[in-house]
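start37.cif (mmCIF, C-alpha atoms and all ligand atoms)
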```
data_data
#
loop_
_atom_site.label_atom_id
_atom_site.label_comp_id
_atom_site.auth_asym_id
_atom_site.auth_seq_id
_atom_site.Cartn_x
_atom_site.Cartn_y
_atom_site.Cartn_z
CA MET A 1 27.04 -34.70 -2.80
CA ILE A 2 23.80 -36.02 -1.30
CA GLN A 3 25.06 -34.96 2.10
CA ARG A 4 25.60 -31.38 0.84
CA ILE A 5 22.10 -31.25 -0.65
CA LEU A 6 20.66 -32.47 2.63
CA ILE A 7 22.57 -29.82 4.62
CA ALA A 8 21.38 -27.07 2.24
CA LEU A 9 17.83 -28.36 2.49
CA ALA A 10 18.01 -28.37 6.29
CA ALA A 11 19.36 -24.80 6.31
CA THR A 12 16.55 -23.62 3.99
CA LEU A 13 13.93 -25.31 6.15
CA ALA A 14 15.42 -23.78 9.31
CA ALA A 15 15.38 -20.29 7.75
CA GLY A 16 11.79 -20.84 6.63
CA ALA A 17 10.79 -21.99 10.08
CA ALA A 18 12.47 -18.97 11.70
CA LEU A 19 10.55 -16.63 9.39
CA ALA A 20 7.32 -18.52 9.88
CA GLU A 21 7.67 -17.72 13.56
CA TYR A 22 8.57 -14.07 12.96
CA PRO A 23 8.51 -12.18 15.22
CA ASP A 24 9.80 -14.28 18.08
CA LYS A 25 11.39 -11.45 20.07
CA PRO A 26 10.55 -7.78 20.71
CA ILE A 27 10.52 -5.36 17.78
CA THR A 28 11.84 -1.81 18.13
CA ILE A 29 10.28 1.14 16.34
CA VAL A 30 12.72 4.03 16.10
CA VAL A 31 10.97 7.39 16.50
CA PRO A 32 13.31 10.04 15.09
CA PHE A 33 12.20 12.71 17.58
CA ALA A 34 12.27 13.17 21.34
CA ALA A 35 9.65 11.58 23.60
CA GLY A 36 6.48 13.50 24.34
CA GLY A 37 5.92 14.90 20.84
CA PRO A 38 3.32 13.89 18.25
CA THR A 39 5.44 11.34 16.37
CA ASP A 40 6.31 9.67 19.66
CA LYS A 41 2.67 9.72 20.80
CA VAL A 42 1.33 8.27 17.53
CA ALA A 43 4.06 5.61 17.57
CA ARG A 44 3.29 4.53 21.14
CA ASP A 45 -0.45 4.31 20.45
CA PHE A 46 0.13 2.52 17.12
CA ALA A 47 2.68 0.07 18.62
CA GLU A 48 0.09 -1.22 21.07
CA VAL A 49 -2.30 -2.15 18.24
CA LEU A 50 0.38 -3.29 15.81
CA ARG A 51 1.56 -5.99 18.19
CA LYS A 52 -1.82 -7.75 17.93
CA GLY A 53 -0.93 -8.72 14.36
CA LEU A 54 2.61 -9.74 15.37
CA ASN A 55 2.04 -12.75 17.65
CA ASN A 56 1.46 -10.24 20.48
CA GLN A 57 5.17 -9.54 20.59
CA THR A 58 6.31 -6.47 22.52
CA VAL A 59 6.85 -3.45 20.28
CA LEU A 60 9.32 -1.07 21.90
CA ILE A 61 9.85 2.60 21.07
CA GLU A 62 13.34 4.06 20.84
CA ASN A 63 13.59 7.85 20.56
CA VAL A 64 16.53 8.94 18.40
CA GLY A 65 15.97 12.68 18.02
CA GLY A 66 18.15 15.23 16.25
CA ALA A 67 18.74 16.81 12.84
CA GLY A 68 15.03 16.99 12.03
CA GLY A 69 14.51 13.24 12.21
CA THR A 70 17.38 12.30 9.91
CA LEU A 71 19.57 10.78 12.67
CA GLY A 72 16.87 8.26 13.55
CA ALA A 73 16.20 7.48 9.88
CA ALA A 74 19.94 6.91 9.32
CA LYS A 75 20.07 4.53 12.27
CA VAL A 76 17.31 2.38 10.77
CA ALA A 77 18.79 2.52 7.26
CA LYS A 78 21.96 0.96 8.71
CA ALA A 79 20.27 -1.50 11.09
CA ALA A 80 20.23 -5.26 10.49
CA PRO A 81 17.46 -5.98 7.95
CA ASP A 82 15.86 -8.68 10.07
CA GLY A 83 12.43 -7.19 10.76
CA TYR A 84 13.27 -6.25 14.35
CA THR A 85 14.18 -2.58 13.78
CA LEU A 86 11.60 -0.31 12.14
CA LEU A 87 11.21 3.42 11.61
CA LEU A 88 8.11 5.56 12.05
CA PHE A 89 8.78 8.86 10.32
CA HIS A 90 6.50 11.59 9.01
CA ILE A 91 6.51 14.04 6.08
CA GLY A 92 10.12 14.83 7.03
CA MET A 93 11.14 11.73 5.09
CA ALA A 94 10.11 13.73 1.97
CA THR A 95 11.35 17.20 2.95
CA SER A 96 14.82 16.25 4.21
CA PRO A 97 16.28 15.35 0.76
CA ALA A 98 15.88 19.02 -0.24
CA LEU A 99 17.13 20.34 3.09
CA TYR A 100 20.29 18.27 3.61
CA ARG A 101 23.09 18.31 1.10
CA ASN A 102 24.54 15.14 2.60
CA LEU A 103 21.79 12.92 3.92
CA PRO A 104 23.35 9.88 5.61
CA TYR A 105 20.95 7.50 3.77
CA LYS A 106 19.15 7.21 0.44
CA THR A 107 15.48 7.98 0.99
CA LEU A 108 14.31 6.01 -2.04
CA ASP A 109 16.76 3.09 -1.90
CA ASP A 110 17.62 2.25 1.69
CA PHE A 111 14.22 1.16 3.03
CA GLU A 112 11.35 -1.26 2.66
CA TYR A 113 8.16 0.82 2.48
CA LEU A 114 5.67 -0.80 4.85
CA GLY A 115 2.77 1.60 4.34
CA LEU A 116 1.32 4.90 5.51
CA ILE A 117 -0.49 5.11 8.83
CA ASN A 118 -2.37 8.37 9.19
CA GLU A 119 -2.59 12.01 8.15
CA VAL A 120 -2.92 14.91 10.54
CA PRO A 121 -3.00 18.70 10.19
CA MET A 122 -0.75 20.98 12.18
CA THR A 123 -1.87 23.85 14.35
CA LEU A 124 -0.27 27.25 14.81
CA ILE A 125 0.02 27.81 18.53
CA GLY A 126 1.54 30.34 20.92
CA ARG A 127 2.72 30.56 24.53
CA PRO A 128 -0.15 31.02 27.00
CA THR A 129 1.02 34.55 27.92
CA LEU A 130 1.15 35.77 24.32
CA PRO A 131 -0.94 38.96 24.05
CA ALA A 132 -2.88 37.85 20.95
CA ASN A 133 -6.10 35.89 20.88
CA ASN A 134 -6.65 35.30 17.18
CA PHE A 135 -4.70 35.19 13.95
CA ALA A 136 -5.13 38.89 13.07
CA GLU A 137 -3.90 39.91 16.53
CA LEU A 138 -0.97 37.51 16.21
CA VAL A 139 0.10 39.09 12.91
CA LYS A 140 -0.11 42.58 14.47
CA TRP A 141 1.92 41.43 17.48
CA ILE A 142 4.58 39.83 15.28
CA GLU A 143 4.85 43.02 13.20
CA ALA A 144 5.14 45.14 16.32
CA ASN A 145 7.89 42.85 17.66
CA LYS A 146 9.96 42.33 14.52
CA GLY A 147 13.35 40.80 15.32
CA LYS A 148 12.24 39.63 18.75
CA VAL A 149 9.85 36.76 17.99
CA ASN A 150 11.03 33.20 18.66
CA LEU A 151 9.71 30.29 16.63
CA ALA A 152 10.34 26.79 18.00
CA ASN A 153 10.77 23.77 15.76
CA ALA A 154 12.03 20.20 15.82
CA GLY A 155 15.04 20.89 13.60
CA LEU A 156 15.67 21.33 9.90
CA GLY A 157 13.49 18.85 8.06
CA ALA A 158 10.85 18.53 10.78
CA ALA A 159 7.22 19.22 9.97
CA SER A 160 7.34 22.18 12.37
CA HIS A 161 10.27 23.54 10.38
CA LEU A 162 8.42 23.22 7.07
CA CYS A 163 5.26 24.82 8.49
CA GLY A 164 7.24 27.60 10.21
CA LEU A 165 9.14 28.27 7.00
CA LEU A 166 5.91 28.66 4.99
CA PHE A 167 4.44 30.81 7.75
CA GLN A 168 7.41 33.22 7.74
CA GLN A 169 7.41 33.32 3.93
CA SER A 170 3.68 34.11 3.82
CA LEU A 171 4.04 36.92 6.38
CA LYS A 172 7.36 38.08 4.89
CA VAL A 173 8.96 38.22 8.31
CA ASP A 174 11.99 36.47 9.72
CA MET A 175 11.78 35.01 13.18
CA THR A 176 14.52 33.54 15.33
CA THR A 177 14.11 29.79 15.07
CA ILE A 178 14.93 27.66 18.08
CA PRO A 179 15.51 24.00 17.13
CA TYR A 180 14.75 21.14 19.50
CA LYS A 181 15.06 17.35 19.18
CA GLY A 182 11.29 17.15 18.91
CA THR A 183 8.25 19.26 19.67
CA GLY A 184 7.86 17.40 22.99
CA PRO A 185 10.69 19.40 24.63
CA ALA A 186 9.76 22.45 22.52
CA MET A 187 6.26 22.33 24.00
CA THR A 188 7.68 22.38 27.53
CA ASP A 189 9.45 25.64 26.72
CA LEU A 190 6.42 27.09 24.94
CA LEU A 191 4.21 26.33 27.95
CA GLY A 192 6.87 27.91 30.16
CA GLY A 193 6.94 31.04 28.00
CA GLN A 194 10.57 30.68 26.82
CA VAL A 195 9.51 30.52 23.15
CA ASP A 196 6.66 32.38 21.47
CA VAL A 197 5.14 30.42 18.63
CA MET A 198 5.29 26.98 17.02
CA CYS A 199 3.55 24.73 14.52
CA ASP A 200 2.79 21.27 15.83
CA GLN A 201 0.67 18.32 14.84
CA ALA A 202 -2.88 18.39 16.17
CA THR A 203 -2.20 14.98 17.75
CA ASN A 204 0.06 16.83 20.20
CA THR A 205 -1.88 20.06 20.58
CA ALA A 206 -5.59 19.15 20.57
CA GLY A 207 -5.73 18.50 24.32
CA LEU A 208 -3.73 21.64 25.18
CA ILE A 209 -5.94 23.75 22.90
CA GLU A 210 -9.12 22.31 24.39
CA SER A 211 -7.98 22.99 27.95
CA GLY A 212 -6.81 26.50 27.04
CA LYS A 213 -3.19 25.80 28.01
CA VAL A 214 -1.84 27.23 24.74
CA LYS A 215 -3.06 29.99 22.42
CA ALA A 216 -4.22 28.55 19.08
CA PHE A 217 -4.45 30.61 15.90
CA GLY A 218 -5.38 28.21 13.11
CA VAL A 219 -5.09 24.83 11.46
CA THR A 220 -2.79 24.19 8.50
CA SER A 221 -5.25 22.10 6.44
CA LEU A 222 -7.30 23.62 3.62
CA LYS A 223 -10.45 22.06 5.04
CA PRO A 224 -11.71 23.10 8.50
CA GLN A 225 -11.31 20.36 11.09
CA THR A 226 -14.24 18.60 12.72
CA ALA A 227 -12.58 17.10 15.84
CA PRO A 228 -14.15 19.02 18.77
CA ALA A 229 -10.82 20.43 19.99
CA LEU A 230 -10.08 21.89 16.55
CA ALA A 231 -13.49 22.77 15.12
CA LYS A 232 -13.40 26.37 16.42
CA LEU A 233 -10.07 27.12 14.74
CA PRO A 234 -9.98 28.82 11.32
CA THR A 235 -7.84 27.42 8.54
CA LEU A 236 -4.75 29.58 7.93
CA ASP A 237 -5.91 29.72 4.31
CA SER A 238 -9.17 31.41 5.35
CA VAL A 239 -7.53 34.06 7.54
CA GLY A 240 -5.20 35.46 4.92
CA LEU A 241 -2.50 32.89 4.15
CA LYS A 242 -4.04 31.87 0.79
CA GLY A 243 -3.20 28.32 -0.20
CA PHE A 244 -1.52 27.43 3.10
CA ASN A 245 -1.78 23.66 3.22
CA VAL A 246 0.42 21.35 5.28
CA THR A 247 -0.78 17.87 6.15
CA VAL A 248 1.61 15.67 8.06
CA TRP A 249 1.57 11.97 7.20
CA ASN A 250 3.17 9.19 9.19
CA ALA A 251 4.53 5.97 7.69
CA LEU A 252 6.39 2.82 8.66
CA TYR A 253 9.72 1.64 7.21
CA ALA A 254 12.16 -1.25 7.59
CA PRO A 255 15.78 -1.42 6.45
CA LYS A 256 16.23 -2.44 2.81
CA GLY A 257 16.65 -6.20 2.47
CA THR A 258 14.30 -7.16 5.31
CA PRO A 259 12.97 -10.64 4.33
CA LYS A 260 9.74 -10.56 2.32
CA ALA A 261 7.96 -12.79 4.83
CA ALA A 262 8.64 -10.22 7.58
CA VAL A 263 7.67 -7.30 5.33
CA ASP A 264 4.38 -9.02 4.44
CA LYS A 265 3.62 -9.78 8.07
CA LEU A 266 4.37 -6.20 9.12
CA ASN A 267 2.20 -4.83 6.32
CA ALA A 268 -0.69 -7.13 7.30
CA ALA A 269 -0.31 -6.07 10.95
CA LEU A 270 -0.30 -2.39 9.93
CA ARG A 271 -3.48 -2.83 7.87
CA ALA A 272 -5.18 -4.62 10.76
CA ALA A 273 -4.08 -1.94 13.25
CA LEU A 274 -5.64 0.80 11.11
CA LYS A 275 -9.00 -0.98 11.35
CA ASP A 276 -8.92 -1.16 15.16
CA PRO A 277 -12.01 0.81 16.26
CA GLU A 278 -10.48 2.06 19.53
CA PHE A 279 -7.28 3.22 17.82
CA ILE A 280 -9.32 5.00 15.13
CA LYS A 281 -11.47 6.69 17.79
CA ARG A 282 -8.49 7.92 19.81
CA GLN A 283 -6.66 9.20 16.75
CA GLU A 284 -9.73 10.87 15.22
CA ALA A 285 -10.39 12.75 18.45
CA LEU A 286 -6.95 14.31 17.94
CA GLY A 287 -7.65 15.29 14.33
CA ALA A 288 -5.88 12.33 12.64
CA VAL A 289 -7.39 10.37 9.76
CA MET A 290 -6.43 6.78 9.00
CA VAL A 291 -5.00 6.04 5.58
CA THR A 292 -7.22 3.56 3.73
CA ASP A 293 -6.03 3.85 0.11
CA GLY A 294 -3.25 2.45 -2.11
CA ARG A 295 -0.60 4.07 0.09
CA LEU A 296 -1.03 1.09 2.43
CA ALA A 297 0.82 -0.99 -0.17
CA SER A 298 4.59 -0.84 -0.51
CA ASP A 299 4.59 0.53 -4.08
CA GLY A 300 1.82 3.03 -3.29
CA HIS A 301 3.76 4.23 -0.24
CA LYS A 302 6.95 4.68 -2.29
CA LYS A 303 5.14 6.44 -5.16
CA PHE A 304 3.54 8.87 -2.71
CA LEU A 305 6.93 9.51 -1.10
CA GLU A 306 8.40 10.32 -4.53
CA ALA A 307 5.48 12.69 -5.24
CA GLU A 308 5.95 14.43 -1.87
CA ILE A 309 9.69 14.86 -2.52
CA ALA A 310 8.85 16.44 -5.90
CA LYS A 311 6.19 18.64 -4.28
CA TRP A 312 8.19 20.11 -1.39
CA GLY A 313 11.69 20.20 -2.91
CA PRO A 314 11.24 23.31 -5.07
CA ALA A 315 9.52 25.33 -2.31
CA ILE A 316 12.30 24.48 0.15
CA LYS A 317 15.07 25.20 -2.34
CA ALA A 318 13.43 28.52 -3.24
CA ALA A 319 13.55 29.45 0.44
CA GLY A 320 17.32 28.84 0.35
CA GLN A 321 17.32 26.44 3.29
CA TYR A 322 20.18 23.94 3.49
CA ALA A 323 22.21 22.00 5.99
CA ASP A 324 25.27 19.84 5.41
N1 LIG B 401 6.18 17.56 15.60
C1 LIG B 401 7.56 17.40 15.30
C2 LIG B 401 7.86 17.98 13.96
O1 LIG B 401 7.87 19.13 13.93
C3 LIG B 401 8.17 16.12 15.49
C4 LIG B 401 7.91 15.46 16.81
O2 LIG B 401 8.44 15.85 17.84
O3 LIG B 401 7.16 14.54 16.76
O4 LIG B 401 8.15 17.34 13.00
#
```
What does this structure look like when you write it as structure tokens?
Ligand code: ASP
Amino acid sequence: MIQRILIALAATLAAGAALAEYPDKPITIVVPFAAGGPTDKVARDFAEVLRKGLNNQTVLIENVGGAGGTLGAAKVAKAAPDGYTLLLFHIGMATSPALYRNLPYKTLDDFEYLGLINEVPMTLIGRPTLPANNFAELVKWIEANKGKVNLANAGLGAASHLCGLLFQQSLKVDMTTIPYKGTGPAMTDLLGGQVDVMCDQATNTAGLIESGKVKAFGVTSLKPQTAPALAKLPTLDSVGLKGFNVTVWNALYAPKGTPKAAVDKLNAALRAALKDPEFIKRQEALGAVMVTDGRLASDGHKKFLEAEIAKWGPAIKAAGQYAD
């Protein structure tokens, strides 16, 4: 009997010691889009600062693109809940439940909610050779080319899909959508002139807009942007698309059942990363704003996710968009 108690005690102490040392090997953040896009870029920048609060462990990025981010999210939902596999996903976590009849995970049950990271507007951009230089000219060009305009996105459920959907609905035109595994590869085709227009996060477009490599027609936030690369752009709301308002938010998740000690350490590291002056400066220059409110806490994150699901679901369903 005493021997059994001693063995159990030793096992508990060993588990405690292992967690006290967490993390003692590299952590992987799954980005559910291809490399070179905004989610990937934010994740790589964030990973470098996050590691400072995690015993300086290496934080690796694994790109699992496809199906608007839901393949990567499914991979993390099914991963070992040991604190070594995380997910960085954006607003798509909230739009995909309305878009997919059979999501391979339960958005509100299968994860630990580690906190939001930042918020960033999207921009409406076009290929460099597009013969339109402002929003009014773009609308005229689209009307003159009905049936021929290509709109790139990162798949059903991606932020670019949501923004493109609202854009087509507001203009009452249908465009041919070309899905990619992320707006990284979509951008390559847009720069090469193979696709015409796209919505993408400012964190991916600010530099290209500033250097004149893409045509830019507006920002998707209600408020005008102040970052130098974006300050000259009108809001889509102010140029005729009344009420157009899409803000992309990024957040961090772990598989459900990840030990509390790891969850707490990850949350503390996330909070510390969002106070890193250099990270803030780099992100703000690209139009992103750090989250500083109750959405940094697990319950605040989950409540916000529920509210976003309730907000976008009806609009998506009304547009009759589904995938199996
Ligand atoms: N910007 C993409 C989206 O439309 C995702 C990405 O490639 O980061 O959601």
Item to complete: List all protein, DNA and RNA residues that have at least one atom no more than 6 Å from any atom of ligand LIG 401 (chain B), counting all atoms listed in the file, and write them as JSON, numbers by chain.
Response: {"A": [33, 34, 37, 38, 39, 40, 153, 154, 158, 159, 160, 182, 183, 184, 200, 201]}
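Residue neighbourhood of Leu103 in chain A, excluding near-sequence residues (fewer than 4 positions): Thr70, Ala74, Ser96, Pro97, Leu99, Thr107 and Asp324 of chain A, at 9 Å, using only C-alpha atoms.
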Practice prompt. Select, from A:Ile209, A:Ala186, A:Met175, A:Ala77, the residue with the minimum atom-to-atom distance to Leu286 in chain A, counting all atoms listed in the file.
Written response: A:Ile209
Fill in: A:Ile142, A:Leu151, A:Leu274, A:Val42 ranked by distance to Val195 in chain A, top pick (using all atoms listed in the file)
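Of A:Ile142, A:Leu151, A:Leu274, A:Val42, the one nearest Val195 in chain A is A:Leu151, counting all atoms listed in the file.
Taking all atoms listed in the file into account, Ile29 in chain A lies nearest to A:Ala254 out of the set A:Cys163, A:Met187, A:Leu116, A:Ala254.
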Worksheet entry | Atom-to-atom span, CA of Ala261 in chain A and CA of Pro23 in chain A, Å |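 Distance reported for this atom pair: 10.4 Å.
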Worksheet item: Could you name the residues that touch Leu71 in chain A at 12 Å or less, counting all atoms listed in the file, but leaving out those on the same chain fewer than 4 positions away, as a PyMOL selection string?
Response: chain A and resi 30-34+63-67+75-78+87+89+92-93+96+100+103-105+155-158+181
Only C-alpha atoms, please: the residues just picked out, written as a PDB file, keeping the file's coordinate frame.
```
ATOM      1  CA  VAL A  30      12.720   4.030  16.100  1.00  0.00           C
ATOM      2  CA  VAL A  31      10.970   7.390  16.500  1.00  0.00           C
ATOM      3  CA  PRO A  32      13.310  10.040  15.090  1.00  0.00           C
ATOM      4  CA  PHE A  33      12.200  12.710  17.580  1.00  0.00           C
ATOM      5  CA  ALA A  34      12.270  13.170  21.340  1.00  0.00           C
ATOM      6  CA  ASN A  63      13.590   7.850  20.560  1.00  0.00           C
ATOM      7  CA  VAL A  64      16.530   8.940  18.400  1.00  0.00           C
ATOM      8  CA  GLY A  65      15.970  12.680  18.020  1.00  0.00           C
ATOM      9  CA  GLY A  66      18.150  15.230  16.250  1.00  0.00           C
ATOM     10  CA  ALA A  67      18.740  16.810  12.840  1.00  0.00           C
ATOM     11  CA  LYS A  75      20.070   4.530  12.270  1.00  0.00           C
ATOM     12  CA  VAL A  76      17.310   2.380  10.770  1.00  0.00           C
ATOM     13  CA  ALA A  77      18.790   2.520   7.260  1.00  0.00           C
ATOM     14  CA  LYS A  78      21.960   0.960   8.710  1.00  0.00           C
ATOM     15  CA  LEU A  87      11.210   3.420  11.610  1.00  0.00           C
ATOM     16  CA  PHE A  89       8.780   8.860  10.320  1.00  0.00           C
ATOM     17  CA  GLY A  92      10.120  14.830   7.030  1.00  0.00           C
ATOM     18  CA  MET A  93      11.140  11.730   5.090  1.00  0.00           C
ATOM     19  CA  SER A  96      14.820  16.250   4.210  1.00  0.00           C
ATOM     20  CA  TYR A 100      20.290  18.270   3.610  1.00  0.00           C
ATOM     21  CA  LEU A 103      21.790  12.920   3.920  1.00  0.00           C
ATOM     22  CA  PRO A 104      23.350   9.880   5.610  1.00  0.00           C
ATOM     23  CA  TYR A 105      20.950   7.500   3.770  1.00  0.00           C
ATOM     24  CA  GLY A 155      15.040  20.890  13.600  1.00  0.00           C
ATOM     25  CA  LEU A 156      15.670  21.330   9.900  1.00  0.00           C
ATOM     26  CA  GLY A 157      13.490  18.850   8.060  1.00  0.00           C
ATOM     27  CA  ALA A 158      10.850  18.530  10.780  1.00  0.00           C
ATOM     28  CA  LYS A 181      15.060  17.350  19.180  1.00  0.00           C
TER      29      LYS A 181
END
```
Fill in: Selected residue of minimal separation from Asn245 in chain A among A:Asp189, A:Lys146, A:Ser170, A:Asn204, counting all atoms listed in the file
A:Ser170
Worksheet entry | Residue contacts of Leu190 in chain A (12 Å, all atoms listed in the file) excluding same-chain residues fewer than 3 positions away, as a count of residues only | 30
Discussion item. Just to confirm, what's the straight-line distance from CA of Tyr22 in chain A to CA of Ala262 in chain A in Å (one decimal)?
Written reply: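 CA of Ala262 in chain A lies 6.6 Å from CA of Tyr22 in chain A.
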Fill in: Spatial neighbours of Arg44 in chain A, max dist 9 Å, all atoms listed in the file, sep filter under 3 positions, as an NGL selection string
:A and (39-41 or 47-48 or 59-61)
Discussion item. With distances taken over all atoms listed in the file, which residue among A:Thr292, A:Thr188, A:Pro255, A:Leu108 lies nearest Ile280 in chain A?
Written reply: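 Ranked by minimum distance to Ile280 in chain A, first place goes to A:Thr292.
Excluding Lys256 in chain A itself and same-chain residues fewer than 3 positions from it, the residues having an atom within 9 Å of it are Ala77, Lys78, Pro81, Asp109, Asp110, Phe111, Glu112, Tyr113, Tyr253 and Pro259 of chain A, counting only C-alpha atoms.
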